[in-house]
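File shown: final_35.csv. Contents: CSV, N, CA and C atoms.
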chain,number,residue,atom,x,y,z
A,126,MET,N,17.0,-25.4,18.0
A,126,MET,CA,17.7,-24.3,18.7
A,126,MET,C,17.6,-23.1,17.8
A,127,ARG,N,17.1,-22.0,18.4
A,127,ARG,CA,17.0,-20.7,17.7
A,127,ARG,C,18.1,-19.8,18.0
A,128,ILE,N,18.8,-19.2,17.0
A,128,ILE,CA,19.9,-18.3,17.2
A,128,ILE,C,19.4,-16.9,16.8
A,129,ASP,N,19.6,-15.9,17.7
A,129,ASP,CA,19.2,-14.5,17.4
A,129,ASP,C,20.3,-13.9,16.6
A,130,ALA,N,20.0,-13.5,15.4
A,130,ALA,CA,21.1,-12.9,14.5
A,130,ALA,C,21.6,-11.6,15.1
A,131,ASP,N,20.7,-10.8,15.7
A,131,ASP,CA,21.1,-9.5,16.3
A,131,ASP,C,22.1,-9.7,17.4
A,132,ALA,N,22.0,-10.8,18.2
A,132,ALA,CA,23.0,-11.0,19.2
A,132,ALA,C,24.3,-11.4,18.7
A,133,ILE,N,24.4,-12.0,17.5
A,133,ILE,CA,25.6,-12.3,16.9
A,133,ILE,C,26.2,-11.1,16.2
A,134,LEU,N,25.4,-10.4,15.5
A,134,LEU,CA,25.9,-9.3,14.7
A,134,LEU,C,26.1,-8.0,15.5
A,135,GLY,N,25.5,-7.9,16.6
A,135,GLY,CA,25.5,-6.6,17.4
A,135,GLY,C,24.5,-5.7,16.7
A,136,SER,N,24.7,-4.4,16.8
A,136,SER,CA,23.8,-3.4,16.3
A,136,SER,C,24.1,-3.0,14.8
A,137,SER,N,25.2,-3.5,14.3
A,137,SER,CA,25.6,-3.2,12.9
A,137,SER,C,24.8,-4.0,11.9
A,138,LEU,N,24.3,-3.4,10.9
A,138,LEU,CA,23.5,-4.2,9.9
A,138,LEU,C,24.4,-4.2,8.6
A,139,PRO,N,24.2,-5.2,7.8
A,139,PRO,CA,24.9,-5.2,6.5
A,139,PRO,C,24.7,-3.9,5.7
A,140,GLY,N,25.7,-3.4,5.2
A,140,GLY,CA,25.6,-2.1,4.4
A,140,GLY,C,25.9,-0.9,5.3
A,141,GLU,N,25.9,-1.0,6.6
A,141,GLU,CA,26.2,0.2,7.4
A,141,GLU,C,27.8,0.3,7.5
A,142,PRO,N,28.3,1.5,7.6
A,142,PRO,CA,29.7,1.7,7.7
A,142,PRO,C,30.3,1.0,9.0
A,143,ALA,N,31.4,0.5,8.9
A,143,ALA,CA,32.0,-0.2,10.0
A,143,ALA,C,32.6,0.9,10.9
A,144,HIS,N,32.7,0.6,12.2
A,144,HIS,CA,33.3,1.5,13.2
A,144,HIS,C,34.8,1.1,13.2
A,145,VAL,N,35.6,2.1,12.9
A,145,VAL,CA,37.1,1.8,12.8
A,145,VAL,C,37.8,2.5,13.9
A,146,LEU,N,38.6,1.8,14.6
A,146,LEU,CA,39.5,2.3,15.6
A,146,LEU,C,41.0,2.1,15.2
A,147,GLN,N,41.8,3.1,15.5
A,147,GLN,CA,43.2,3.0,15.2
A,147,GLN,C,43.9,2.5,16.5
A,148,GLN,N,44.7,1.4,16.4
A,148,GLN,CA,45.4,0.9,17.5
A,148,GLN,C,46.9,1.1,17.3
A,149,LYS,N,47.6,1.3,18.4
A,149,LYS,CA,49.0,1.3,18.3
A,149,LYS,C,49.6,0.2,19.2
A,150,SER,N,50.4,-0.6,18.6
A,150,SER,CA,51.1,-1.7,19.4
A,150,SER,C,52.5,-1.4,19.6
A,151,THR,N,53.0,-1.6,20.8
A,151,THR,CA,54.4,-1.3,21.1
A,151,THR,C,54.9,-2.6,21.7
A,152,TYR,N,56.0,-3.1,21.2
A,152,TYR,CA,56.6,-4.4,21.6
A,152,TYR,C,57.9,-4.0,22.4
A,153,PHE,N,58.1,-4.8,23.5
A,153,PHE,CA,59.3,-4.6,24.4
A,153,PHE,C,60.1,-5.9,24.4
A,154,ASP,N,61.4,-5.7,24.6
A,154,ASP,CA,62.3,-6.8,24.8
A,154,ASP,C,63.6,-6.3,25.4
A,155,THR,N,64.5,-7.2,25.7
A,155,THR,CA,65.8,-6.8,26.2
A,155,THR,C,66.7,-6.5,25.0
A,156,PRO,N,67.8,-5.7,25.2
A,156,PRO,CA,68.7,-5.5,24.1
A,156,PRO,C,69.2,-6.7,23.5
A,157,SER,N,69.3,-7.8,24.2
A,157,SER,CA,69.9,-9.1,23.7
A,157,SER,C,68.7,-10.0,23.2
A,158,ARG,N,67.5,-9.5,23.1
A,158,ARG,CA,66.3,-10.2,22.6
A,158,ARG,C,66.1,-11.5,23.4
A,159,GLN,N,66.2,-11.5,24.7
A,159,GLN,CA,65.9,-12.6,25.6
A,159,GLN,C,64.5,-13.1,25.5
A,160,LEU,N,63.5,-12.2,25.4
A,160,LEU,CA,62.1,-12.7,25.3
A,160,LEU,C,61.9,-13.4,24.0
A,161,PHE,N,62.3,-12.7,22.9
A,161,PHE,CA,62.1,-13.3,21.6
A,161,PHE,C,62.8,-14.7,21.5
A,162,ASP,N,64.0,-14.8,22.0
A,162,ASP,CA,64.7,-16.1,22.0
A,162,ASP,C,63.9,-17.2,22.7
A,163,ARG,N,63.1,-16.9,23.7
A,163,ARG,CA,62.3,-17.9,24.4
A,163,ARG,C,60.9,-18.0,23.9
A,164,GLY,N,60.6,-17.3,22.8
A,164,GLY,CA,59.3,-17.4,22.2
A,164,GLY,C,58.2,-16.6,22.9
A,165,LEU,N,58.7,-15.6,23.6
A,165,LEU,CA,57.8,-14.7,24.3
A,165,LEU,C,57.7,-13.3,23.7
A,166,ARG,N,56.5,-12.7,23.9
A,166,ARG,CA,56.3,-11.3,23.4
A,166,ARG,C,55.7,-10.5,24.5
A,167,LEU,N,56.2,-9.3,24.7
A,167,LEU,CA,55.6,-8.3,25.6
A,167,LEU,C,55.1,-7.2,24.7
A,168,ARG,N,53.7,-7.1,24.6
A,168,ARG,CA,53.1,-6.1,23.8
A,168,ARG,C,52.1,-5.2,24.6
A,169,VAL,N,52.1,-3.9,24.4
A,169,VAL,CA,51.2,-3.0,24.9
A,169,VAL,C,50.4,-2.4,23.8
A,170,ARG,N,49.1,-2.5,23.8
A,170,ARG,CA,48.3,-1.9,22.7
A,170,ARG,C,47.5,-0.8,23.3
A,171,GLN,N,47.4,0.3,22.5
A,171,GLN,CA,46.6,1.5,22.9
A,171,GLN,C,45.6,1.8,21.8
A,172,THR,N,44.4,2.3,22.2
A,172,THR,CA,43.5,2.9,21.4
A,172,THR,C,43.2,4.3,22.0
A,173,GLY,N,43.7,5.3,21.3
A,173,GLY,CA,43.6,6.6,21.9
A,173,GLY,C,44.4,6.7,23.1
A,174,GLU,N,43.8,7.1,24.2
A,174,GLU,CA,44.5,7.2,25.5
A,174,GLU,C,44.3,5.9,26.3
A,175,SER,N,43.5,5.0,25.9
A,175,SER,CA,43.2,3.7,26.6
A,175,SER,C,44.1,2.6,26.2
A,176,ARG,N,44.6,1.8,27.2
A,176,ARG,CA,45.3,0.6,26.9
A,176,ARG,C,44.4,-0.5,26.8
A,177,VAL,N,44.6,-1.4,25.8
A,177,VAL,CA,43.7,-2.5,25.5
A,177,VAL,C,44.3,-3.8,26.1
A,178,PRO,N,43.5,-4.5,26.9
A,178,PRO,CA,44.1,-5.8,27.5
A,178,PRO,C,44.3,-6.8,26.5

Please re-express this file's structure in structure tokens.
Amino acid sequence: MRIDADAILGSSLPGEPAHVLQQKSTYFDTPSRQLFDRGLRLRVRQTGESRVP
């Protein structure tokens, strides 16, 4: 089986600067922390003006 290294690494080569994005994560819960108490998290992430799924 042959594995194409470019497919794994994408277009970045070792030694090239990494592409860095700043993300903002906002967490939501009820005032009484009902989600946290049930082991749940509601998070919205944003990169610039875009929301990240």

### Message
Need the shell around segment 167-171 of chain A: protein/DNA/RNA residues with any atom at most 6 Å away, counting only N, CA and C atoms. Skip same-chain ones fewer than 5 positions apart. Format as a VMD selection string?
### Response
chain A and resid 147 to 153 176 to 177

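Distances to Gly173 of chain A were evaluated for A:Glu141, A:Leu146, A:Arg127, A:Thr155 using only N, CA and C atoms, and the minimum falls at A:Leu146.
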
From atom CA of Glu174 of chain A to atom CA of Pro156 of chain A the spacing works out at 27.4 Å

Pairwise distance, atom N of Ser175 of chain A with atom N of Arg158 of chain A, equals 28.2 Å

re atom N of Arg166 of chain A and atom C of Asp154 of chain A: distance 9.7 Å
